[in-house]
$ cat final-v2.cif   # mmCIF, C-alpha atoms
data_entry
#
loop_
_atom_site.label_atom_id
_atom_site.label_comp_id
_atom_site.auth_asym_id
_atom_site.auth_seq_id
_atom_site.Cartn_x
_atom_site.Cartn_y
_atom_site.Cartn_z
CA MET G 1018 26.54 -40.76 -10.98
CA VAL G 1019 24.55 -42.77 -8.47
CA ARG G 1020 21.01 -43.28 -9.73
CA PRO G 1021 18.35 -42.81 -7.04
CA ARG G 1022 16.58 -46.03 -6.10
CA LYS G 1023 13.10 -46.49 -7.54
CA SER G 1024 11.58 -46.55 -4.03
CA ASP G 1025 13.27 -43.21 -3.12
CA GLN G 1026 11.85 -41.68 -6.28
CA THR G 1027 8.37 -42.96 -5.50
CA ARG G 1028 8.61 -41.63 -1.96
CA GLU G 1029 9.62 -38.19 -3.27
CA GLU G 1030 6.73 -38.24 -5.74
CA LEU G 1031 4.25 -39.15 -2.98
CA LEU G 1032 5.52 -36.24 -0.86
CA ALA G 1033 5.35 -33.80 -3.79
CA VAL G 1034 1.80 -34.79 -4.80
CA GLY G 1035 0.81 -34.84 -1.12
CA THR G 1036 2.01 -31.25 -0.67
CA GLU G 1037 -0.04 -30.08 -3.62
CA LEU G 1038 -3.26 -31.91 -2.74
CA LEU G 1039 -3.12 -31.17 1.00
CA THR G 1040 -2.55 -27.46 0.33
CA SER G 1041 -5.51 -27.30 -2.07
CA HIS G 1042 -8.01 -29.66 -0.45
CA GLY G 1043 -6.94 -29.91 3.19
CA TYR G 1044 -6.33 -32.98 5.36
CA HIS G 1045 -9.84 -34.40 5.34
CA GLY G 1046 -10.42 -33.38 1.72
CA THR G 1047 -7.43 -35.41 0.51
CA GLY G 1048 -7.65 -39.19 0.33
CA ILE G 1049 -4.63 -41.50 0.29
CA LYS G 1050 -6.15 -43.14 -2.79
CA GLN G 1051 -6.09 -39.83 -4.67
CA ILE G 1052 -2.39 -39.40 -3.94
CA LEU G 1053 -1.56 -42.98 -4.90
CA ASP G 1054 -3.54 -42.72 -8.13
CA ALA G 1055 -1.72 -39.50 -9.08
CA VAL G 1056 1.66 -41.18 -8.59
CA GLY G 1057 0.54 -44.55 -10.03
CA VAL G 1058 1.26 -46.61 -6.92
CA PRO G 1059 -0.96 -49.55 -5.87
CA LYS G 1060 -2.84 -48.99 -2.62
CA GLY G 1061 -1.24 -51.76 -0.61
CA SER G 1062 2.26 -50.41 -1.05
CA PHE G 1063 1.55 -47.05 0.64
CA TYR G 1064 2.30 -48.62 4.00
CA ASN G 1065 5.74 -49.70 2.77
CA PHE G 1066 6.53 -45.99 2.71
CA PHE G 1067 4.57 -44.51 5.61
CA PRO G 1068 2.98 -46.13 8.68
CA SER G 1069 -0.20 -43.98 8.54
CA LYS G 1070 -1.86 -41.01 6.83
CA GLU G 1071 -0.94 -38.89 9.86
CA ALA G 1072 2.74 -39.88 9.65
CA PHE G 1073 2.67 -39.19 5.91
CA VAL G 1074 1.25 -35.70 6.42
CA ALA G 1075 3.83 -34.93 9.13
CA GLU G 1076 6.54 -35.90 6.66
CA VAL G 1077 4.92 -33.81 3.92
CA ILE G 1078 5.09 -30.83 6.32
CA HIS G 1079 8.83 -31.33 6.90
CA HIS G 1080 9.39 -31.80 3.17
CA TYR G 1081 7.42 -28.63 2.42
CA GLY G 1082 9.43 -26.70 5.01
CA GLU G 1083 12.70 -27.58 3.25
CA GLN G 1084 11.21 -26.76 -0.12
CA VAL G 1085 10.15 -23.26 1.03
CA GLU G 1086 13.62 -22.65 2.44
CA GLU G 1087 15.10 -23.53 -0.95
CA GLU G 1088 12.63 -21.12 -2.59
CA ILE G 1089 13.70 -18.36 -0.17
CA GLU G 1090 17.35 -19.06 -1.04
CA ARG G 1091 16.46 -18.69 -4.72
CA ALA G 1092 14.45 -15.52 -4.02
CA THR G 1093 17.43 -13.85 -2.35
CA ALA G 1094 20.23 -15.31 -4.49
CA GLY G 1095 22.68 -12.59 -5.52
CA LEU G 1096 21.42 -10.20 -2.83
CA GLU G 1097 23.91 -11.29 -0.16
CA GLN G 1098 25.67 -7.91 -0.26
CA GLU G 1099 22.42 -5.92 -0.12
CA PRO G 1100 21.13 -4.35 3.09
CA GLY G 1101 19.26 -6.70 5.44
CA LEU G 1102 15.96 -4.89 4.82
CA VAL G 1103 16.23 -5.45 1.06
CA GLN G 1104 17.01 -9.13 1.60
CA LEU G 1105 14.12 -9.52 4.06
CA TRP G 1106 11.58 -7.86 1.76
CA CYS G 1107 12.83 -9.74 -1.32
CA SER G 1108 12.61 -13.09 0.44
CA PHE G 1109 8.84 -12.60 0.41
CA ARG G 1110 8.36 -10.43 -2.66
CA ASN G 1111 10.49 -12.40 -5.12
CA LYS G 1112 8.97 -15.68 -3.92
CA VAL G 1113 5.42 -14.39 -4.51
CA GLN G 1114 6.32 -12.90 -7.88
CA ARG G 1115 7.96 -16.14 -8.99
CA GLU G 1116 4.90 -18.18 -7.94
CA VAL G 1117 2.59 -15.80 -9.80
CA ALA G 1118 4.83 -15.86 -12.90
CA THR G 1119 4.90 -19.69 -12.98
CA GLY G 1120 1.18 -20.06 -12.29
CA GLN G 1121 1.69 -21.66 -8.87
CA SER G 1122 -0.61 -20.99 -5.96
CA CYS G 1123 0.88 -18.81 -3.20
CA ALA G 1124 -1.13 -20.77 -0.59
CA CYS G 1125 0.79 -22.20 2.36
CA LEU G 1126 0.48 -25.82 3.47
CA LEU G 1127 1.31 -24.88 7.07
CA GLY G 1128 -1.59 -22.43 7.37
CA ALA G 1129 -4.00 -25.04 6.03
CA MET G 1130 -2.71 -27.78 8.35
CA SER G 1131 -2.60 -25.42 11.38
CA ALA G 1132 -6.26 -24.56 10.92
CA GLU G 1133 -7.43 -28.09 10.28
CA ILE G 1134 -5.44 -30.64 12.27
CA ALA G 1135 -2.81 -29.00 14.50
CA ARG G 1136 -4.99 -29.52 17.56
CA SER G 1137 -6.04 -33.09 16.84
CA SER G 1138 -2.71 -34.51 15.63
CA PRO G 1139 0.33 -34.17 17.94
CA LEU G 1140 2.57 -35.60 15.19
CA CYS G 1141 1.54 -32.94 12.65
CA ARG G 1142 1.58 -30.21 15.29
CA GLU G 1143 5.17 -31.06 16.15
CA ALA G 1144 6.13 -30.98 12.46
CA ILE G 1145 4.48 -27.56 12.01
CA GLU G 1146 6.22 -26.18 15.10
CA THR G 1147 9.65 -27.40 13.97
CA VAL G 1148 9.30 -25.87 10.51
CA GLU G 1149 7.81 -22.59 11.75
CA GLN G 1150 10.53 -22.13 14.34
CA ARG G 1151 13.12 -22.36 11.56
CA TRP G 1152 11.25 -19.86 9.37
CA VAL G 1153 10.68 -17.41 12.23
CA GLU G 1154 14.36 -17.62 13.18
CA ARG G 1155 15.27 -16.68 9.61
CA ILE G 1156 12.94 -13.65 9.81
CA ARG G 1157 14.38 -12.71 13.21
CA MET G 1158 17.90 -12.69 11.77
CA GLY G 1159 16.76 -10.50 8.86
CA ILE G 1160 15.05 -8.03 11.18
CA GLU G 1161 18.03 -7.93 13.53
CA LEU G 1162 20.44 -7.19 10.68
CA ALA G 1163 18.17 -4.39 9.40
CA GLN G 1164 18.00 -3.01 12.95
CA GLN G 1165 21.78 -3.05 13.25
CA GLN G 1166 22.03 -1.25 9.89
CA GLY G 1167 19.64 1.42 11.15
CA ASP G 1168 16.84 0.72 8.64
CA LEU G 1169 14.37 -0.78 11.12
CA ARG G 1170 13.61 0.66 14.55
CA ASP G 1171 15.29 -1.22 17.38
CA ASP G 1172 13.09 -0.21 20.32
CA ILE G 1173 11.11 -3.47 19.91
CA ALA G 1174 13.18 -6.68 20.03
CA ALA G 1175 13.61 -8.64 16.78
CA GLU G 1176 12.53 -11.78 18.63
CA ASN G 1177 9.14 -10.16 19.33
CA LEU G 1178 8.76 -8.67 15.86
CA ALA G 1179 9.66 -11.85 13.96
CA PRO G 1180 6.68 -14.03 15.03
CA THR G 1181 4.36 -11.02 14.65
CA LEU G 1182 5.58 -10.47 11.08
CA TYR G 1183 5.20 -14.20 10.41
CA ASN G 1184 1.63 -14.16 11.75
CA CYS G 1185 0.84 -11.13 9.62
CA TRP G 1186 2.11 -13.10 6.63
CA GLN G 1187 0.05 -16.20 7.48
CA GLY G 1188 -3.05 -14.05 7.97
CA SER G 1189 -2.41 -12.38 4.62
CA LEU G 1190 -2.17 -15.82 3.02
CA LEU G 1191 -5.64 -16.62 4.40
CA GLN G 1192 -6.94 -13.37 2.95
CA TYR G 1193 -5.35 -14.23 -0.37
CA GLN G 1194 -7.31 -17.50 -0.35
CA VAL G 1195 -10.45 -15.36 -0.23
CA SER G 1196 -9.52 -12.50 -2.57
CA GLY G 1197 -7.34 -14.51 -4.97
CA ASN G 1198 -5.17 -11.40 -5.33
CA PRO G 1199 -1.45 -11.97 -4.63
CA ASP G 1200 -0.97 -8.19 -4.30
CA ASP G 1201 -2.87 -8.43 -1.00
CA LEU G 1202 -0.07 -10.60 0.34
CA LEU G 1203 2.67 -8.10 -0.31
CA ARG G 1204 0.63 -5.01 0.52
CA HIS G 1205 -0.09 -6.02 4.11
CA LEU G 1206 3.43 -7.26 4.72
CA TRP G 1207 4.62 -3.93 3.37
CA THR G 1208 2.32 -2.04 5.74
CA PHE G 1209 3.70 -4.01 8.68
CA LEU G 1210 7.31 -3.41 7.61
CA SER G 1211 6.58 0.27 7.09
CA THR G 1212 5.55 0.58 10.77
CA LEU G 1213 9.13 -0.50 11.58
CA MET G 1214 11.06 1.53 9.03
CA THR G 1215 13.14 4.45 10.16
CA VAL G 1216 12.87 6.34 6.86
CA GLN G 1217 9.10 6.81 6.69
CA GLY G 1218 8.55 9.67 4.27
CA LYS G 1219 10.52 8.14 1.43
CA LEU G 1220 8.61 4.88 1.11
CA THR G 1221 5.95 3.91 -1.37
CA PHE G 1222 4.66 0.51 -2.41
CA GLU G 1223 2.58 1.62 -5.39
CA ASN G 1224 3.77 1.39 -9.00
CA SER G 1225 7.14 0.11 -8.10
CA ASN G 1226 8.92 -2.96 -9.34
CA ALA G 1227 12.56 -2.91 -8.51
CA CYS G 1228 13.18 -3.87 -4.94
CA LYS G 1229 15.64 -1.09 -4.23
CA ARG G 1230 13.31 1.41 -5.81
CA GLU G 1231 10.44 0.08 -3.69
CA LEU G 1232 12.51 0.67 -0.61
CA HIS G 1233 13.88 3.98 -1.97
CA TYR G 1234 17.18 2.66 -0.84
CA ASP G 1235 19.61 5.36 -1.83
CA LYS G 1236 22.51 4.76 0.48
CA MET T 637 -44.47 -13.07 24.34
CA VAL T 638 -44.30 -14.62 20.89
CA ARG T 639 -42.82 -18.11 21.12
CA PRO T 640 -40.34 -18.91 18.36
CA ARG T 641 -41.58 -21.51 15.92
CA LYS T 642 -40.16 -24.99 16.35
CA SER T 643 -38.58 -24.86 12.87
CA ASP T 644 -36.83 -21.55 13.69
CA GLN T 645 -35.43 -23.11 16.84
CA THR T 646 -34.17 -26.16 14.95
CA ARG T 647 -32.58 -23.94 12.33
CA GLU T 648 -30.77 -21.96 15.04
CA GLU T 649 -29.58 -25.18 16.66
CA LEU T 650 -28.26 -26.48 13.35
CA LEU T 651 -26.32 -23.24 12.82
CA ALA T 652 -24.91 -23.30 16.37
CA VAL T 653 -23.77 -26.94 16.18
CA GLY T 654 -22.48 -26.31 12.64
CA THR T 655 -20.32 -23.42 13.87
CA GLU T 656 -18.78 -25.57 16.57
CA LEU T 657 -18.10 -28.64 14.42
CA LEU T 658 -16.87 -26.73 11.38
CA THR T 659 -14.45 -24.69 13.53
CA SER T 660 -13.04 -27.84 15.15
CA HIS T 661 -13.04 -30.32 12.27
CA GLY T 662 -13.16 -28.21 9.11
CA TYR T 663 -15.47 -28.42 6.11
CA HIS T 664 -14.49 -31.86 4.87
CA GLY T 665 -14.07 -33.21 8.40
CA THR T 666 -17.68 -32.35 9.30
CA GLY T 667 -20.51 -34.47 7.95
CA ILE T 668 -24.11 -33.28 7.70
CA LYS T 669 -25.09 -36.48 9.54
CA GLN T 670 -22.94 -35.52 12.53
CA ILE T 671 -24.67 -32.14 12.77
CA LEU T 672 -28.15 -33.65 12.41
CA ASP T 673 -27.41 -36.32 15.03
CA ALA T 674 -26.19 -33.68 17.50
CA VAL T 675 -29.41 -31.70 17.08
CA GLY T 676 -31.64 -34.77 16.82
CA VAL T 677 -33.05 -34.05 13.38
CA PRO T 678 -33.79 -36.85 10.84
CA LYS T 679 -31.57 -36.77 7.78
CA GLY T 680 -34.27 -36.10 5.20
CA SER T 681 -35.40 -32.89 6.83
CA PHE T 682 -32.03 -31.11 6.48
CA TYR T 683 -33.02 -30.02 2.99
CA ASN T 684 -36.16 -28.35 4.38
CA PHE T 685 -33.77 -25.92 6.03
CA PHE T 686 -30.88 -25.58 3.60
CA PRO T 687 -30.56 -26.43 -0.10
CA SER T 688 -27.03 -27.89 0.22
CA LYS T 689 -24.08 -28.37 2.57
CA GLU T 690 -22.36 -25.43 0.85
CA ALA T 691 -25.37 -23.14 1.40
CA PHE T 692 -25.56 -24.30 5.02
CA VAL T 693 -21.89 -23.47 5.62
CA ALA T 694 -22.29 -20.04 4.00
CA GLU T 695 -25.18 -19.37 6.39
CA VAL T 696 -23.11 -20.65 9.34
CA ILE T 697 -20.41 -18.12 8.37
CA HIS T 698 -22.93 -15.23 8.40
CA HIS T 699 -24.37 -16.48 11.69
CA TYR T 700 -20.89 -16.72 13.20
CA GLY T 701 -20.07 -13.20 12.01
CA GLU T 702 -23.05 -11.78 13.91
CA GLN T 703 -22.20 -13.83 16.97
CA VAL T 704 -18.62 -12.47 17.06
CA GLU T 705 -19.94 -8.92 16.73
CA GLU T 706 -22.18 -9.52 19.75
CA GLU T 707 -19.17 -10.86 21.65
CA ILE T 708 -17.18 -7.74 20.75
CA GLU T 709 -20.08 -5.59 21.99
CA ARG T 710 -19.99 -7.51 25.27
CA ALA T 711 -16.19 -7.23 25.47
CA THR T 712 -16.33 -3.44 25.20
CA ALA T 713 -19.58 -2.81 27.12
CA GLY T 714 -19.14 0.03 29.59
CA LEU T 715 -15.99 1.29 27.84
CA GLU T 716 -17.79 3.71 25.53
CA GLN T 717 -16.23 6.72 27.27
CA GLU T 718 -12.73 5.24 27.26
CA PRO T 719 -10.08 6.26 24.72
CA GLY T 720 -10.31 4.54 21.32
CA LEU T 721 -7.07 2.65 21.92
CA VAL T 722 -8.41 1.12 25.14
CA GLN T 723 -11.64 0.11 23.37
CA LEU T 724 -9.73 -1.39 20.45
CA TRP T 725 -7.39 -3.42 22.65
CA CYS T 726 -10.20 -4.57 24.94
CA SER T 727 -12.33 -5.73 22.03
CA PHE T 728 -9.69 -8.43 21.50
CA ARG T 729 -8.33 -8.92 25.00
CA ASN T 730 -11.63 -9.19 26.88
CA LYS T 731 -13.03 -11.52 24.24
CA VAL T 732 -10.03 -13.87 24.54
CA GLN T 733 -10.08 -13.74 28.34
CA ARG T 734 -13.80 -14.49 28.40
CA GLU T 735 -13.35 -17.47 26.06
CA VAL T 736 -10.51 -18.82 28.18
CA ALA T 737 -12.51 -18.32 31.40
CA THR T 738 -15.53 -20.17 30.00
CA GLY T 739 -13.45 -22.99 28.50
CA GLN T 740 -14.31 -22.06 24.91
CA SER T 741 -11.84 -22.40 22.07
CA CYS T 742 -10.49 -19.10 20.73
CA ALA T 743 -10.29 -20.62 17.23
CA CYS T 744 -11.96 -18.69 14.40
CA LEU T 745 -14.35 -20.31 11.94
CA LEU T 746 -13.39 -17.80 9.23
CA GLY T 747 -9.71 -18.72 9.33
CA ALA T 748 -10.55 -22.41 9.04
CA MET T 749 -12.99 -21.86 6.16
CA SER T 750 -10.62 -19.43 4.37
CA ALA T 751 -7.84 -22.03 4.38
CA GLU T 752 -10.02 -24.95 3.34
CA ILE T 753 -12.79 -23.90 0.98
CA ALA T 754 -12.64 -20.19 0.13
CA ARG T 755 -11.12 -20.94 -3.25
CA SER T 756 -13.41 -23.81 -4.20
CA SER T 757 -16.75 -22.40 -3.00
CA PRO T 758 -17.84 -18.99 -4.34
CA LEU T 759 -20.83 -19.01 -1.95
CA CYS T 760 -18.67 -19.47 1.15
CA ARG T 761 -16.05 -17.08 -0.17
CA GLU T 762 -18.68 -14.37 -0.56
CA ALA T 763 -19.93 -15.00 2.99
CA ILE T 764 -16.37 -14.78 4.39
CA GLU T 765 -15.73 -11.54 2.48
CA THR T 766 -18.93 -9.91 3.72
CA VAL T 767 -18.24 -10.77 7.36
CA GLU T 768 -14.55 -9.81 7.22
CA GLN T 769 -15.31 -6.46 5.60
CA ARG T 770 -17.57 -5.62 8.55
CA TRP T 771 -14.97 -6.70 11.10
CA VAL T 772 -12.14 -4.82 9.36
CA GLU T 773 -14.31 -1.69 9.16
CA ARG T 774 -14.85 -1.90 12.92
CA ILE T 775 -11.06 -2.13 13.45
CA ARG T 776 -10.52 0.78 11.04
CA MET T 777 -12.89 2.96 13.05
CA GLY T 778 -11.08 2.02 16.28
CA ILE T 779 -7.67 2.84 14.82
CA GLU T 780 -8.92 6.11 13.33
CA LEU T 781 -10.35 7.26 16.68
CA ALA T 782 -7.08 6.39 18.44
CA GLN T 783 -5.18 8.30 15.76
CA GLN T 784 -7.42 11.35 16.22
CA GLN T 785 -6.84 11.13 19.98
CA GLY T 786 -3.07 11.08 19.41
CA ASP T 787 -2.47 7.58 20.84
CA LEU T 788 -1.65 5.89 17.53
CA ARG T 789 0.61 7.32 14.84
CA ASP T 790 -1.28 8.80 11.92
CA ASP T 791 1.40 8.71 9.21
CA ILE T 792 -0.03 5.41 7.92
CA ALA T 793 -3.73 5.48 7.00
CA ALA T 794 -6.17 3.58 9.24
CA GLU T 795 -7.59 1.90 6.14
CA ASN T 796 -4.17 0.32 5.46
CA LEU T 797 -3.49 -0.57 9.08
CA ALA T 798 -6.88 -2.19 9.75
CA PRO T 799 -6.57 -5.16 7.35
CA THR T 800 -2.93 -5.62 8.38
CA LEU T 801 -3.95 -5.78 12.05
CA TYR T 802 -6.74 -8.18 11.15
CA ASN T 803 -4.32 -10.42 9.24
CA CYS T 804 -1.92 -10.35 12.16
CA TRP T 805 -4.82 -11.50 14.34
CA GLN T 806 -5.82 -14.31 11.98
CA GLY T 807 -2.20 -15.45 11.74
CA SER T 808 -1.96 -15.43 15.54
CA LEU T 809 -5.10 -17.57 15.70
CA LEU T 810 -3.37 -20.13 13.45
CA GLN T 811 -0.35 -20.08 15.74
CA TYR T 812 -2.64 -20.55 18.72
CA GLN T 813 -4.01 -23.71 17.04
CA VAL T 814 -0.46 -25.04 17.13
CA SER T 815 0.75 -23.80 20.52
CA GLY T 816 -2.59 -24.02 22.34
CA ASN T 817 -1.54 -20.94 24.31
CA PRO T 818 -4.07 -18.05 24.21
CA ASP T 819 -1.36 -15.67 25.47
CA ASP T 820 0.26 -15.99 22.03
CA LEU T 821 -2.82 -14.39 20.55
CA LEU T 822 -2.64 -11.27 22.65
CA ARG T 823 1.15 -11.01 22.69
CA HIS T 824 1.49 -10.67 18.92
CA LEU T 825 -1.44 -8.31 18.61
CA TRP T 826 0.17 -6.24 21.34
CA THR T 827 3.48 -6.18 19.46
CA PHE T 828 1.70 -4.95 16.34
CA LEU T 829 -0.20 -2.27 18.26
CA SER T 830 3.00 -1.20 20.00
CA THR T 831 4.59 -0.42 16.61
CA LEU T 832 1.78 2.12 16.18
CA MET T 833 1.68 3.65 19.64
CA THR T 834 2.95 7.16 20.16
CA VAL T 835 3.97 6.61 23.80
CA GLN T 836 6.51 3.82 23.33
CA GLY T 837 8.64 3.87 26.46
CA LYS T 838 5.72 3.57 28.86
CA LEU T 839 4.23 0.34 27.53
CA THR T 840 4.55 -3.17 28.88
CA PHE T 841 2.44 -6.24 28.23
CA GLU T 842 3.94 -8.47 30.90
CA ASN T 843 2.30 -9.09 34.27
CA SER T 844 -0.50 -6.73 33.63
CA ASN T 845 -4.19 -7.34 33.96
CA ALA T 846 -6.13 -4.14 34.00
CA CYS T 847 -6.56 -2.76 30.53
CA LYS T 848 -5.72 0.81 31.44
CA ARG T 849 -2.69 -0.36 33.36
CA GLU T 850 -1.58 -2.43 30.35
CA LEU T 851 -1.77 0.65 28.22
CA HIS T 852 -0.31 2.84 30.98
CA TYR T 853 -3.06 5.19 30.12
CA ASP T 854 -2.56 8.04 32.52
CA LYS T 855 -4.25 10.91 30.79
#

$ encode --input "final-v2.cif" --output "C-alpha cells"
Amino acid sequence: MVRPRKSDQTREELLAVGTELLTSHGYHGTGIKQILDAVGVPKGSFYNFFPSKEAFVAEVIHHYGEQVEEEIERATAGLEQEPGLVQLWCSFRNKVQREVATGQSCACLLGAMSAEIARSSPLCREAIETVEQRWVERIRMGIELAQQQGDLRDDIAAENLAPTLYNCWQGSLLQYQVSGNPDDLLRHLWTFLSTLMTVQGKLTFENSNACKRELHYDK
Amino acid sequence: MVRPRKSDQTREELLAVGTELLTSHGYHGTGIKQILDAVGVPKGSFYNFFPSKEAFVAEVIHHYGEQVEEEIERATAGLEQEPGLVQLWCSFRNKVQREVATGQSCACLLGAMSAEIARSSPLCREAIETVEQRWVERIRMGIELAQQQGDLRDDIAAENLAPTLYNCWQGSLLQYQVSGNPDDLLRHLWTFLSTLMTVQGKLTFENSNACKRELHYDK
C-alpha cells in the first residue's frame, strides 16, 4: 500500500475544513487563519498549497462537487435496476435523509458561494459553473430516462426541465436555511416532480417512507 | 407639506445604501463604516439609529420587502383586468425587464441573507420569514386566480405550488449570479409555469415580447 504523502493529507484536510466553514459562514465570514488553526497548519505554509484565498475557494468548490457526486452514488447504490423516476427521486431523498440521520447540515456550498462571490470572482464563478453543469447533466439524464419509461411527461424537453428542477432545489435549500426543516427540501422538490408525473392521482408524499411506496410504483 | 425630519431622511438613506451593499457584498462583506461613509454619517451616530448591525440588517430586510412589493405593484399596474396568469407572469417579467433597462442588478437581498446568516441570526431569520410569507401569499393568490380561470391546472393546490414557484425563482436568481444573464431568470420560471398551464401546445417563450403574445392568450 502506498501511503499518501503528508502534504497531500494536509491539502485534503484544508479542503475538507474549508468546505465546512465556507458553507456555514460564507466567503467573507471565513478567515484563512480559522481554517489553518482547525487543521493545525502554520500560517506561512498556506501559500505552499494555494496561491490565494480565491484559488483555495475555487478548489474547495471543485472538491465539494466531487464529494456530492460520491454522495449521490451512495444514495442510489443498489437502485440501478429501478425505474429512472425512482432513481432520480432517491438521489435527492436518500441524500437528505442520510445527512439528517448523521447530523450533517443539508446546506449547499454552491448556493452560498453563488450568492456571495460568483459575480466578483471569475475563478470561483468558473468553478461553480463547471460543477453545476455536471450536476444538471445528471438530472437531465434521470429525467430523460423517466420520460422514456413513460413516468414523466415528455412534452417539455429534459434539457429545459433539468436546470429548472435544479433551481427549485437550490431555492429550497435557501428556504431550509431559514426554516431549519429538511422536510421543506423534499416537499417542494416533490411538488415540482409531481407537476411532471404522468400518474397524478396515485401519488402522495405524506406519511410515506419507502421510496417505491412514495411513488406508488406498482409496475 | 410636512418636511421629513433630517433624522428620518438619514435613516432612510442608511437603509437604502444598506440594501445595495448587503445584496452585492453579503453580511460579512459589508462593514458598518462603509455604509456610514456612503451616507456621510459619523460612526458614533449609527447607534442612535440602530442598536446593532444585526438589528440594522433585519430592518434592511423589512425595508427591502416593502420596496419589492412596490416594484411588483408597478410591474402589474394597469393589468388589473387581465387574466390572473398574465398578472402573475408580468409581476416577474416586467420587474426583471425594468431592472435590466435601468441597469439595476436583479439579485435578491433575501437569497443572499438566507444563504449567509439565516441560521446564525434569529432576528434576521424572522425578518426573512415575515417578508417571504407575504411574497409567497401574493404568488398563491395569483396561482389560485389562474386556476379558477382555467389557465393553470388545479389538481395540485395553489398553497403547495406557490412556495415551489418561489423557490424556483430564488434558485434562478442564484444561477443568474453565476451566468449574469437575466434571461435565465425568466426562462426557468417560464418552464415551471408551463408545467402548470392547461394550454400546452400554444405556448412559446422564444422571440416574444408582449406578455399576452408570450402567453398566446387569445380568449

$ resolve_selection --input "final-v2.cif" --expression "the PyMOL selection byres ((chain T) within 7 of (chain G))" --output "PyMOL selection string"
chain T and resi 661-662+664-665+747-748+750-752+754-755+761+796-797+800+803-804+806-808+810+813-814+824+827-828+831-832

$ atom_distance --input "final-v2.cif" --atom1 "atom CA of Lys1023 of chain G" --atom2 "atom CA of Gly1082 of chain G"
23.7 Å

$ resolve_selection --input "final-v2.cif" --expression "the PyMOL selection byres ((chain T and resi 667-678) around 8)" --output "compact mmCIF listing (two decimals) with C-alpha atoms, keeping the file's coordinate frame"
# COMPACT_ATOMS: atom_id res chain seq x y z
CA THR T 646 -34.17 -26.16 14.95
CA GLU T 649 -29.58 -25.18 16.66
CA LEU T 650 -28.26 -26.48 13.35
CA VAL T 653 -23.77 -26.94 16.18
CA GLY T 654 -22.48 -26.31 12.64
CA LEU T 657 -18.10 -28.64 14.42
CA HIS T 664 -14.49 -31.86 4.87
CA GLY T 665 -14.07 -33.21 8.40
CA THR T 666 -17.68 -32.35 9.30
CA LYS T 679 -31.57 -36.77 7.78
CA GLY T 680 -34.27 -36.10 5.20
CA SER T 681 -35.40 -32.89 6.83
CA PHE T 682 -32.03 -31.11 6.48
CA LYS T 689 -24.08 -28.37 2.57

$ axis_aligned_box --input "final-v2.cif" --around "segment 1149-1166 of chain G" --padding-each-side "8 Å" --output "AutoDock Vina command-line options"
--center_x 14.9 --center_y -11.9 --center_z 11.6 --size_x 30.2 --size_y 37.3 --size_z 21.5

$ atom_distance --input "final-v2.cif" --atom1 "atom CA of Leu721 of chain T" --atom2 "atom CA of Ile779 of chain T"
7.1 Å

$ atom_distance --input "final-v2.cif" --atom1 "atom CA of Glu780 of chain T" --atom2 "atom CA of Glu716 of chain T"
15.3 Å

$ closest_residue --input "final-v2.cif" --among "G:Glu1088, G:Ile1078, G:Leu1169, G:Gln1164" --to "Val1216 of chain G" --atoms "only C-alpha atoms"
G:Leu1169

$ residues_around --input "final-v2.cif" --residues "Tyr1081 of chain G" --least-positions-apart "5" --cutoff "9 Å" --atoms "all atoms listed in the file" --output "ChimeraX atom specification"
/G:1032-1033,1036,1076,1086,1126-1127,1148
